[in-house]
$ cat my_file-v2.txt   # compact mmCIF, C-alpha atoms
# COMPACT_ATOMS: atom_id res chain seq x y z
CA MET I 172 -45.37 118.00 29.45
CA LYS I 173 -47.30 121.09 28.31
CA ASP I 174 -44.38 123.32 29.33
CA LEU I 175 -41.95 121.20 27.31
CA THR I 176 -44.28 121.31 24.31
CA ASN I 177 -44.26 125.10 24.55
CA MET I 178 -40.47 124.95 24.77
CA ARG I 179 -40.40 122.95 21.53
CA SER I 180 -42.36 125.68 19.72
CA LYS I 181 -39.65 128.18 20.60
CA LEU I 182 -36.96 126.11 18.93
CA SER I 183 -37.70 127.81 15.60
CA LYS I 184 -35.19 130.47 16.68
CA VAL I 185 -32.44 127.92 17.35
CA THR I 186 -30.02 127.18 14.51
CA ASP I 187 -27.68 124.65 16.13
CA THR I 188 -28.51 120.98 15.59
CA PHE I 189 -27.94 119.88 19.20
CA GLN I 190 -27.87 122.28 22.13
CA PRO I 191 -28.66 122.02 25.86
CA ALA I 192 -31.12 124.30 27.58
CA ILE I 193 -32.31 124.86 31.13
CA TRP I 194 -36.06 124.93 31.74
CA ARG I 195 -37.26 125.67 35.27
CA GLY I 196 -34.00 124.38 36.72
CA GLU I 197 -33.92 121.11 34.75
CA ALA I 198 -31.75 120.29 31.73
CA ILE I 199 -33.19 119.72 28.27
CA PHE I 200 -31.57 118.17 25.23
CA ARG I 201 -32.76 120.14 22.19
CA GLY I 202 -32.53 118.66 18.73
CA ILE I 203 -33.50 120.00 15.30
CA ASP I 204 -33.63 118.15 11.98
CA ASP I 205 -35.88 117.19 9.10
CA LEU I 206 -37.41 113.72 9.19
CA LYS I 207 -37.96 112.46 5.64
CA GLU I 208 -37.18 109.57 3.30
CA ASP I 209 -34.11 111.21 1.76
CA GLN I 210 -31.03 109.79 3.53
CA MET I 211 -33.37 108.27 6.09
CA GLY I 212 -30.59 106.40 7.88
CA ASN I 213 -28.71 109.60 8.66
CA ARG I 214 -31.86 111.27 9.92
CA LEU I 215 -32.82 108.37 12.18
CA SER I 216 -29.22 108.29 13.33
CA LYS I 217 -29.35 111.89 14.52
CA TYR I 218 -32.71 111.37 16.18
CA PHE I 219 -31.82 108.21 18.11
CA GLU I 220 -28.42 109.56 19.14
CA ALA I 221 -30.12 112.63 20.59
CA LEU I 222 -32.80 110.55 22.32
CA ALA I 223 -30.33 108.03 23.76
CA CYS I 224 -27.94 110.76 24.88
CA SER I 225 -30.68 112.65 26.69
CA ASP I 226 -31.71 109.46 28.48
CA ILE I 227 -28.15 108.65 29.56
CA VAL I 228 -27.29 112.09 30.94
CA GLY I 229 -30.67 112.64 32.61
CA PHE I 230 -32.08 115.40 30.42
CA HIS I 231 -35.58 115.94 29.14
CA PHE I 232 -35.80 115.48 25.37
CA VAL I 233 -37.26 118.02 22.94
CA TYR I 234 -36.91 117.50 19.19
CA ARG I 235 -38.14 119.89 16.55
CA ALA I 236 -38.61 118.04 13.27
CA LYS I 237 -40.24 118.90 9.98
CA ILE I 238 -41.86 115.70 8.68
CA THR I 239 -42.33 115.17 4.94
CA GLY I 240 -42.91 112.18 2.68
CA SER I 241 -45.55 109.65 1.75
CA ASN I 242 -48.50 108.78 3.96
CA ASP I 243 -46.65 105.75 5.42
CA THR I 244 -43.51 107.81 5.98
CA SER I 245 -45.47 110.50 7.81
CA LYS I 246 -47.17 107.89 10.00
CA PHE I 247 -43.80 106.36 10.88
CA PHE I 248 -41.99 109.61 11.67
CA SER I 249 -44.98 111.09 13.50
CA ALA I 250 -44.84 108.16 15.93
CA LEU I 251 -41.30 109.08 17.01
CA PRO I 252 -41.62 111.04 20.29
CA GLN I 253 -40.60 114.67 19.89
CA VAL I 254 -41.06 115.41 23.58
CA ARG I 255 -39.97 112.97 26.29
CA LEU I 256 -39.81 113.65 30.02
CA HIS I 257 -36.89 112.05 31.81
CA PRO I 258 -38.07 110.13 34.89
CA ASN I 259 -35.07 111.36 36.92
CA PRO I 260 -34.09 114.74 35.46
CA ARG I 261 -30.70 116.22 36.26
CA ASN I 262 -30.53 119.66 37.84
CA VAL I 263 -27.46 121.39 36.41
CA SER I 264 -26.32 124.74 35.08
CA TRP I 265 -26.23 125.48 31.35
CA TYR I 266 -22.42 125.17 31.38
CA GLN I 267 -22.57 121.80 33.17
CA ALA I 268 -25.24 120.59 30.73
CA GLY I 269 -23.03 121.37 27.73
CA TYR I 270 -20.06 119.65 29.34
CA LEU I 271 -22.09 116.50 30.07
CA LEU I 272 -23.33 116.29 26.49
CA ARG I 273 -19.85 116.69 24.99
CA LYS I 274 -18.30 114.26 27.43
CA THR I 275 -20.97 111.58 27.31
CA CYS I 276 -22.09 111.78 23.68
CA PRO I 277 -19.19 113.07 21.56
CA ALA I 278 -20.74 111.62 18.42
CA ALA I 279 -23.94 113.64 18.68
CA THR I 280 -23.06 116.05 15.88
CA PRO I 281 -23.04 116.31 12.94
CA TYR I 282 -23.74 112.60 12.29
CA PRO I 283 -23.56 109.99 15.06
CA HIS I 284 -21.89 107.33 12.94
CA ALA I 285 -19.17 106.76 15.54
CA TRP I 286 -19.31 103.90 17.98
CA SER I 287 -18.60 106.33 20.84
CA GLY I 288 -22.15 107.59 20.58
CA ALA I 289 -25.08 106.86 22.86
CA TRP I 290 -27.25 104.77 20.52
CA ASN I 291 -25.49 101.48 21.32
CA ARG I 292 -26.23 101.94 25.03
CA ARG I 293 -30.00 102.23 24.65
CA PRO I 294 -31.05 99.33 22.36
CA LEU I 295 -34.26 98.60 24.30
CA LEU I 296 -35.39 102.23 24.07
CA ILE I 297 -34.71 102.28 20.31
CA LYS I 298 -36.41 98.92 19.81
CA ASP I 299 -39.55 100.02 21.62
CA ILE I 300 -39.88 103.25 19.64
CA ILE I 301 -39.28 101.68 16.21
CA HIS I 302 -41.77 98.89 16.89
CA THR I 303 -44.35 101.47 17.93
CA ALA I 304 -43.68 103.53 14.79
CA ILE I 305 -44.00 100.57 12.40
CA GLY I 306 -47.15 99.56 14.26
CA MET I 307 -48.69 102.86 13.18
CA VAL I 308 -48.17 101.82 9.54
CA TYR I 309 -48.97 98.09 9.70
CA GLU I 310 -51.41 96.65 12.21
CA ASN I 311 -50.02 93.15 11.59
CA VAL I 312 -46.89 92.86 9.44
CA ASN I 313 -47.31 89.10 9.07
CA SER I 314 -50.64 89.49 7.28
CA VAL I 315 -49.42 92.02 4.68
CA ARG I 316 -48.91 90.82 1.09
CA ILE I 317 -47.15 92.70 -1.72
CA PRO I 318 -47.98 92.19 -5.42
CA VAL I 319 -45.08 90.47 -7.16
CA GLY I 320 -45.11 93.24 -9.75
CA ASN I 321 -43.97 95.68 -7.04
CA PHE I 322 -40.62 93.89 -6.88
CA SER I 323 -37.99 94.95 -9.43
CA TYR I 324 -36.73 91.45 -10.25
CA THR I 325 -37.87 88.05 -8.96
CA MET I 326 -36.60 84.50 -9.38
CA PRO I 327 -38.60 82.48 -10.06
CA TYR I 328 -41.39 84.78 -11.20
CA GLY I 329 -44.82 83.32 -10.58
CA ASN I 330 -46.53 84.19 -7.32
CA HIS I 331 -49.23 86.85 -7.49
CA THR I 332 -48.33 88.22 -4.06
CA MET I 333 -45.37 87.99 -1.71
CA PRO I 334 -45.22 88.30 2.09
CA LEU I 335 -44.06 91.64 3.48
CA ILE I 336 -41.67 89.84 5.83
CA PRO I 337 -39.12 87.54 4.14
CA SER I 338 -37.22 84.64 5.68
CA ALA I 339 -33.99 86.57 5.05
CA ALA I 340 -33.20 90.14 4.00
CA VAL I 341 -30.01 91.55 2.50
CA LEU I 342 -29.33 95.30 2.43
CA PHE I 343 -27.50 95.99 -0.82
CA ARG I 344 -26.25 99.56 -1.22
CA CYS I 345 -24.73 100.30 -4.60
CA VAL I 346 -25.19 103.39 -6.77
CA ASP I 347 -23.41 106.00 -4.64
CA ILE I 348 -20.47 103.79 -3.59
CA LEU I 349 -19.75 101.82 -6.75
CA ASP I 350 -16.55 103.66 -7.64
CA LYS I 351 -15.22 104.40 -4.15
CA VAL I 352 -11.60 103.54 -3.37
CA VAL I 353 -11.62 104.32 0.36
CA HIS I 354 -15.05 104.90 1.83
CA PRO I 355 -17.02 104.22 5.03
CA TYR I 356 -19.43 102.09 3.01
CA GLY I 357 -18.85 99.07 0.82
CA PHE I 358 -20.08 95.70 -0.41
CA VAL I 359 -20.34 92.28 1.20
CA ASN I 360 -18.73 89.35 -0.60
CA PHE I 361 -21.66 87.39 -2.01
CA ASN I 362 -20.29 84.14 -0.59
CA VAL I 363 -21.01 85.52 2.87
CA TYR I 364 -24.71 85.21 2.11
CA LEU I 365 -24.33 81.51 1.39
CA GLN I 366 -22.88 80.88 4.84
CA LEU I 367 -25.29 83.07 6.83
CA ILE I 368 -28.68 82.62 5.16
CA PRO I 369 -30.39 79.46 6.49
CA LYS I 370 -30.80 76.70 3.92
CA ASN I 371 -34.53 76.48 4.65
CA ALA I 372 -35.22 80.13 3.75
CA THR I 373 -38.32 80.35 1.58
CA THR I 374 -38.07 84.05 0.66
CA ILE I 375 -34.94 86.20 0.33
CA TYR I 376 -35.30 89.92 -0.38
CA ILE I 377 -32.53 92.17 -1.69
CA LEU I 378 -33.29 95.64 -0.31
CA THR I 379 -31.66 98.43 -2.29
CA GLU I 380 -31.97 102.11 -3.07
CA PRO I 381 -33.64 103.66 -6.15
CA LEU I 382 -31.28 103.71 -9.12
CA ASN I 383 -31.38 107.52 -9.22
CA TYR I 384 -30.42 107.79 -5.53
CA LEU I 385 -28.48 111.02 -4.84
CA GLY I 386 -28.58 111.86 -8.54
CA GLN I 387 -26.15 109.18 -9.67
CA GLY I 388 -25.24 108.95 -13.37
CA LYS I 389 -26.66 106.52 -15.90
CA SER I 390 -23.57 104.28 -15.94
CA HIS I 391 -23.77 103.67 -12.18
CA GLN I 392 -27.49 103.04 -12.46
CA MET I 393 -26.98 100.50 -15.25
CA HIS I 394 -24.17 98.72 -13.43
CA CYS I 395 -26.08 98.54 -10.14
CA LYS I 396 -29.21 97.26 -11.83
CA GLU I 397 -27.22 94.44 -13.43
CA LEU I 398 -25.24 93.74 -10.27
CA SER I 399 -28.32 93.55 -8.03
CA GLU I 400 -30.03 91.20 -10.49
CA TYR I 401 -26.87 89.10 -10.49
CA VAL I 402 -27.19 88.80 -6.69
CA VAL I 403 -30.70 87.41 -7.18
CA ASP I 404 -29.53 84.90 -9.79
CA PHE I 405 -26.55 83.94 -7.61
CA LEU I 406 -28.71 83.30 -4.55
CA HIS I 407 -31.44 81.49 -6.48
CA LEU I 408 -28.79 79.16 -7.90
CA HIS I 409 -27.79 78.19 -4.36
CA TYR I 410 -31.30 78.38 -2.87
CA PRO I 411 -33.39 76.86 -5.68
CA LYS I 412 -36.43 76.31 -3.42
CA SER I 413 -36.48 79.96 -2.35
CA ILE I 414 -38.08 82.97 -4.00
CA VAL I 415 -35.41 85.68 -4.32
CA ALA I 416 -36.50 89.23 -5.16
CA ILE I 417 -35.28 92.83 -5.34
CA ARG I 418 -37.24 95.44 -3.40
CA ARG I 419 -35.97 98.77 -4.71
CA GLY I 420 -36.87 101.88 -2.70
CA HIS I 421 -39.92 101.74 -0.38
CA PRO I 422 -38.01 102.71 2.81
CA ILE I 423 -40.82 102.09 5.31
CA ASP I 424 -41.49 98.63 3.87
CA SER I 425 -37.76 97.98 4.10
CA VAL I 426 -37.66 99.03 7.76
CA ALA I 427 -40.45 96.54 8.56
CA MET I 428 -38.67 93.80 6.60
CA MET I 429 -35.35 94.40 8.38
CA MET I 430 -37.04 94.51 11.79
CA HIS I 431 -38.97 91.27 11.46
CA THR I 432 -36.98 89.00 9.14
CA GLN I 433 -35.42 85.92 10.69
CA THR I 434 -32.01 86.82 9.22
CA LEU I 435 -30.75 90.29 8.30
CA ILE I 436 -27.39 90.73 6.55
CA SER I 437 -26.20 94.26 5.88
CA ALA I 438 -23.28 96.17 4.49
CA PRO I 439 -22.31 99.23 6.59
CA SER I 440 -25.42 101.41 6.79
CA THR I 441 -27.23 103.57 9.31
CA PHE I 442 -30.43 102.79 7.38
CA SER I 443 -30.25 99.16 8.54
CA LEU I 444 -28.65 99.87 11.92
CA PHE I 445 -31.75 100.85 13.86
CA PRO I 446 -34.15 98.31 12.32
CA GLY I 447 -31.38 95.81 13.07
CA ILE I 448 -31.38 96.86 16.71
CA ALA I 449 -35.16 96.38 16.75
CA ASN I 450 -34.85 92.88 15.24
CA GLN I 451 -35.29 90.10 17.82
CA ASN I 452 -33.89 87.36 15.59
CA THR I 453 -30.40 87.34 14.00
CA VAL I 454 -28.59 90.37 12.56
CA TYR I 455 -25.24 90.36 10.77
CA MET I 456 -23.73 93.82 10.20
CA MET I 457 -20.62 94.52 8.13
CA PRO I 458 -18.53 97.19 9.87
CA GLY I 459 -16.65 99.86 8.00
CA GLY I 460 -15.52 103.42 8.41
CA VAL I 461 -19.04 104.24 9.58
CA TRP I 462 -18.17 102.95 13.05
CA ARG I 463 -14.55 103.23 14.16
CA GLU I 464 -15.07 100.24 16.40
CA GLN I 465 -17.92 97.79 16.80
CA PRO I 466 -19.56 98.00 20.23
CA PHE I 467 -21.72 95.43 21.91
CA VAL I 468 -25.34 96.20 21.04
CA GLN I 469 -27.16 93.00 22.03
CA HIS I 470 -26.47 89.28 21.80
CA ASN I 471 -28.34 88.71 18.53
CA PHE I 472 -26.58 91.65 16.81
CA LEU I 473 -23.37 90.28 15.29
CA TRP I 474 -20.55 92.14 13.56
CA ILE I 475 -18.93 90.44 10.55
CA THR I 476 -15.17 90.48 11.19
CA TYR I 477 -14.17 88.31 8.21
CA PRO I 478 -14.18 88.98 5.32
CA GLU I 479 -13.72 92.74 5.16
CA LYS I 480 -16.00 94.99 3.14
CA ILE I 481 -15.22 95.45 -0.53
CA SER I 482 -14.58 98.92 -2.01
CA PRO I 483 -14.80 98.25 -5.78
CA GLY I 484 -12.91 101.39 -6.81
CA ALA I 485 -9.79 100.02 -5.15
CA TYR I 486 -9.73 97.12 -7.61
CA ILE I 487 -11.67 98.14 -10.71
CA ASN I 488 -11.76 100.97 -13.22
CA VAL I 489 -15.52 101.46 -13.37
CA SER I 490 -15.19 102.97 -16.86
CA ALA I 491 -13.58 99.84 -18.31
CA PRO I 492 -15.51 98.10 -21.12
CA ASN I 493 -15.63 94.73 -19.32
CA VAL I 494 -16.37 96.20 -15.92
CA MET I 495 -19.38 93.98 -15.11
CA THR I 496 -17.33 90.83 -15.54
CA GLN I 497 -14.79 92.30 -13.14
CA PHE I 498 -17.48 93.31 -10.66
CA LYS I 499 -19.00 89.83 -10.58
CA SER I 500 -15.59 88.21 -10.18
CA LEU I 501 -14.65 90.60 -7.36
CA MET I 502 -17.91 90.11 -5.46
CA THR I 503 -17.71 86.30 -5.61
CA ARG I 504 -14.05 85.80 -4.75
CA PRO I 505 -13.68 82.54 -2.80
CA LEU I 506 -13.33 83.02 0.94
CA LEU I 507 -10.13 81.71 2.52
CA LYS I 508 -11.95 80.60 5.67
CA PRO I 509 -15.46 80.52 7.14
CA VAL I 510 -17.23 83.81 7.86
CA GLU I 511 -16.31 85.14 11.31
CA VAL I 512 -18.76 87.11 13.47
CA THR I 513 -18.78 88.50 16.99
CA ALA I 514 -21.13 90.45 19.21
CA GLU I 515 -18.34 92.81 20.27
CA VAL I 516 -15.00 93.65 18.73
CA LYS I 517 -13.63 96.21 21.17
CA THR I 518 -14.89 97.93 24.29
CA ALA I 519 -15.46 101.67 24.28
CA PRO I 520 -12.98 103.71 26.36
CA ASP I 521 -14.08 104.46 29.90
CA ALA I 522 -14.25 108.16 29.08
CA TYR I 523 -17.40 107.55 27.08
CA LEU I 524 -19.14 105.44 29.72
CA GLN I 525 -19.28 107.80 32.70
CA TYR I 526 -23.02 108.25 33.04

$ encode --input "my_file-v2.txt" --output "structure tokens"
Amino acid sequence: MKDLTNMRSKLSKVTDTFQPAIWRGEAIFRGIDDLKEDQMGNRLSKYFEALACSDIVGFHFVYRAKITGSNDTSKFFSALPQVRLHPNPRNVSWYQAGYLLRKTCPAATPYPHAWSGAWNRRPLLIKDIIHTAIGMVYENVNSVRIPVGNFSYTMPYGNHTMPLIPSAAVLFRCVDILDKVVHPYGFVNFNVYLQLIPKNATTIYILTEPLNYLGQGKSHQMHCKELSEYVVDFLHLHYPKSIVAIRRGHPIDSVAMMMHTQTLISAPSTFSLFPGIANQNTVYMMPGGVWREQPFVQHNFLWITYPEKISPGAYINVSAPNVMTQFKSLMTRPLLKPVEVTAEVKTAPDAYLQY
């Protein structure tokens, strides 16, 4: 382990994101990236793809990461192993190591959004690491309470504190995809929530990004604020005994919520993907261009196959004066049949399952 730690210190001279190396005759998977709150899903995606790939091909794992962020963020990222010895390391040449990585984990760079990656083949490894990382932030997630004033919008408003872990959580991404015509990401028809959230849910949290995420303009911020509050009103109308609230920002809190909620529903997002894998209850994920196909992850991880995601820009001129009326109508279009889900849509080609 000490030798591998020394190896990690030498990675400052390496510029490539993912590269193999040979250390005393054994192969090493080297990874480099920043670990921080900004685009956290992409950063976790790179990390877990590298970790899973190294485990599959039989390489030691060395990851050089600069960690920045709040105290909770630093605790979470610092708990992710940056050095991991493989129990059965593979003895190969540098050329063979590179071939194995490209053949086994073609999605490793630049972003492992593709289903042909390694992450979907190591759910237990990912689950164990994320639970350990959240455990460094919260000793007992079920005992944590959040002041109601820390939520952006709550219906009904009244409780002084709210539980960290809700009965159901919805990931609602908005400001950077509001005007997209064709895009990997998109929205979930709000009627999907009515079919998938249990009727006895007592708390429903809408998890969304800060309104200034990725420097979006004021019009997008205004529209997304109104649209997210409309989701709360819509759900409270149908779940009148539930407390429905928006939790805007707070990524580490959101990871804990998505990991431990009884029901997680998410639009396409790598931010929710890994907490979803760590969730032992029920997860519904909307596929999109993020994953070309939807692989089997685990039995409680279900892909929504009907209805399809909504790309608002394909239907609406976001600069129109009555755009919010159009948005609300689009997002609540009646479904032609019940929501359809499956644990696996298609099987990955054999070429990606050799090791």

$ closest_atom_pairs --input "my_file-v2.txt" --of "range 285-352 of chain I" --to "range 251-261 of chain I" --cutoff "9 Å" --atoms "all atoms listed in the file" --output "CSV"
residue,atom,partner,partner_atom,distance
I:Ile300,CA,I:Leu251,CA,6.6
I:Ile301,CA,I:Leu251,CA,7.7
I:Thr303,CA,I:Leu251,CA,8.2
I:Ala304,CA,I:Leu251,CA,6.4

$ closest_atom_pairs --input "my_file-v2.txt" --of "range 284-345 of chain I" --to "range 416-436 of chain I" --cutoff "6 Å" --atoms "only C-alpha atoms" --output "Markdown table"
| residue | atom | partner | partner_atom | distance |
| --- | --- | --- | --- | --- |
| I:Phe322 | CA | I:Arg418 | CA | 5.1 |
| I:Ser323 | CA | I:Ile417 | CA | 5.3 |
| I:Tyr324 | CA | I:Ile417 | CA | 5.3 |
| I:Thr325 | CA | I:Ala416 | CA | 4.2 |
| I:Ile336 | CA | I:Met428 | CA | 5.0 |
| I:Pro337 | CA | I:Thr432 | CA | 5.6 |
| I:Ser338 | CA | I:Gln433 | CA | 5.5 |
| I:Ala339 | CA | I:Thr434 | CA | 4.6 |
| I:Ala340 | CA | I:Leu435 | CA | 5.0 |
| I:Val341 | CA | I:Ile436 | CA | 4.9 |

$ residues_around --input "my_file-v2.txt" --residues "Ala250 in chain I" --least-positions-apart "4" --cutoff "12 Å" --atoms "all atoms listed in the file" --output "PyMOL selection string"
chain I and resi 206+236+238+243-246+254+299-308

$ residues_around --input "my_file-v2.txt" --residues "Gly212 in chain I" --least-positions-apart "2" --cutoff "10 Å" --atoms "all atoms listed in the file" --output "MDAnalysis selection string"
chainID I and resid 207:210 214:218 422 440:446

$ residues_near_point --input "my_file-v2.txt" --point "(-24.3, 102.4, -13.9)" --cutoff "10 Å" --atoms "only C-alpha atoms" --output "list of chain:residue names"
I:Cys345, I:Val346, I:Asp347, I:Leu349, I:Leu382, I:Asn383, I:Gln387, I:Gly388, I:Lys389, I:Ser390, I:His391, I:Gln392, I:Met393, I:His394, I:Cys395, I:Lys396, I:Glu397, I:Leu398, I:Val489, I:Ser490, I:Met495

$ write_last_selection --input "my_file-v2.txt" --atoms "C-alpha atoms" --output "PDB file, in the coordinates of the input"
ATOM      1  CA  CYS I 345     -24.730 100.300  -4.600  1.00  0.00           C
ATOM      2  CA  VAL I 346     -25.190 103.390  -6.770  1.00  0.00           C
ATOM      3  CA  ASP I 347     -23.410 106.000  -4.640  1.00  0.00           C
ATOM      4  CA  LEU I 349     -19.750 101.820  -6.750  1.00  0.00           C
ATOM      5  CA  LEU I 382     -31.280 103.710  -9.120  1.00  0.00           C
ATOM      6  CA  ASN I 383     -31.380 107.520  -9.220  1.00  0.00           C
ATOM      7  CA  GLN I 387     -26.150 109.180  -9.670  1.00  0.00           C
ATOM      8  CA  GLY I 388     -25.240 108.950 -13.370  1.00  0.00           C
ATOM      9  CA  LYS I 389     -26.660 106.520 -15.900  1.00  0.00           C
ATOM     10  CA  SER I 390     -23.570 104.280 -15.940  1.00  0.00           C
ATOM     11  CA  HIS I 391     -23.770 103.670 -12.180  1.00  0.00           C
ATOM     12  CA  GLN I 392     -27.490 103.040 -12.460  1.00  0.00           C
ATOM     13  CA  MET I 393     -26.980 100.500 -15.250  1.00  0.00           C
ATOM     14  CA  HIS I 394     -24.170  98.720 -13.430  1.00  0.00           C
ATOM     15  CA  CYS I 395     -26.080  98.540 -10.140  1.00  0.00           C
ATOM     16  CA  LYS I 396     -29.210  97.260 -11.830  1.00  0.00           C
ATOM     17  CA  GLU I 397     -27.220  94.440 -13.430  1.00  0.00           C
ATOM     18  CA  LEU I 398     -25.240  93.740 -10.270  1.00  0.00           C
ATOM     19  CA  VAL I 489     -15.520 101.460 -13.370  1.00  0.00           C
ATOM     20  CA  SER I 490     -15.190 102.970 -16.860  1.00  0.00           C
ATOM     21  CA  MET I 495     -19.380  93.980 -15.110  1.00  0.00           C
TER      22      MET I 495
END

$ atom_distance --input "my_file-v2.txt" --atom1 "CA of Pro355 in chain I" --atom2 "CA of Ile481 in chain I"
10.5 Å

$ closest_residue --input "my_file-v2.txt" --among "I:Lys298, I:Arg292, I:Arg273, I:Arg316" --to "Gln451 in chain I" --atoms "all atoms listed in the file"
I:Lys298

$ closest_residue --input "my_file-v2.txt" --among "I:Trp194, I:Phe343, I:Tyr455, I:Phe467" --to "Arg293 in chain I" --atoms "all atoms listed in the file"
I:Phe467

$ residues_around --input "my_file-v2.txt" --residues "Asp404 in chain I" --least-positions-apart "4" --cutoff "9 Å" --atoms "all atoms listed in the file" --output "PyMOL selection string"
chain I and resi 325-326+399-400+408-409+415

$ closest_residue --input "my_file-v2.txt" --among "I:Leu271, I:Ile487, I:Leu473, I:Val312" --to "Glu515 in chain I" --atoms "all atoms listed in the file"
I:Leu473

$ closest_residue --input "my_file-v2.txt" --among "I:Gly196, I:Pro483, I:Pro191, I:Pro509" --to "Gln366 in chain I" --atoms "all atoms listed in the file"
I:Pro509

$ closest_residue --input "my_file-v2.txt" --among "I:Asp226, I:Glu310, I:Glu197, I:Glu511" --to "Ser264 in chain I" --atoms "only C-alpha atoms"
I:Glu197

$ closest_residue --input "my_file-v2.txt" --among "I:Met211, I:Ala223, I:Ile414, I:Met457" --to "Tyr356 in chain I" --atoms "all atoms listed in the file"
I:Met457

$ atom_distance --input "my_file-v2.txt" --atom1 "CA of Tyr234 in chain I" --atom2 "CA of Arg201 in chain I"
5.8 Å

$ atom_distance --input "my_file-v2.txt" --atom1 "CA of Thr453 in chain I" --atom2 "CA of Phe472 in chain I"
6.4 Å
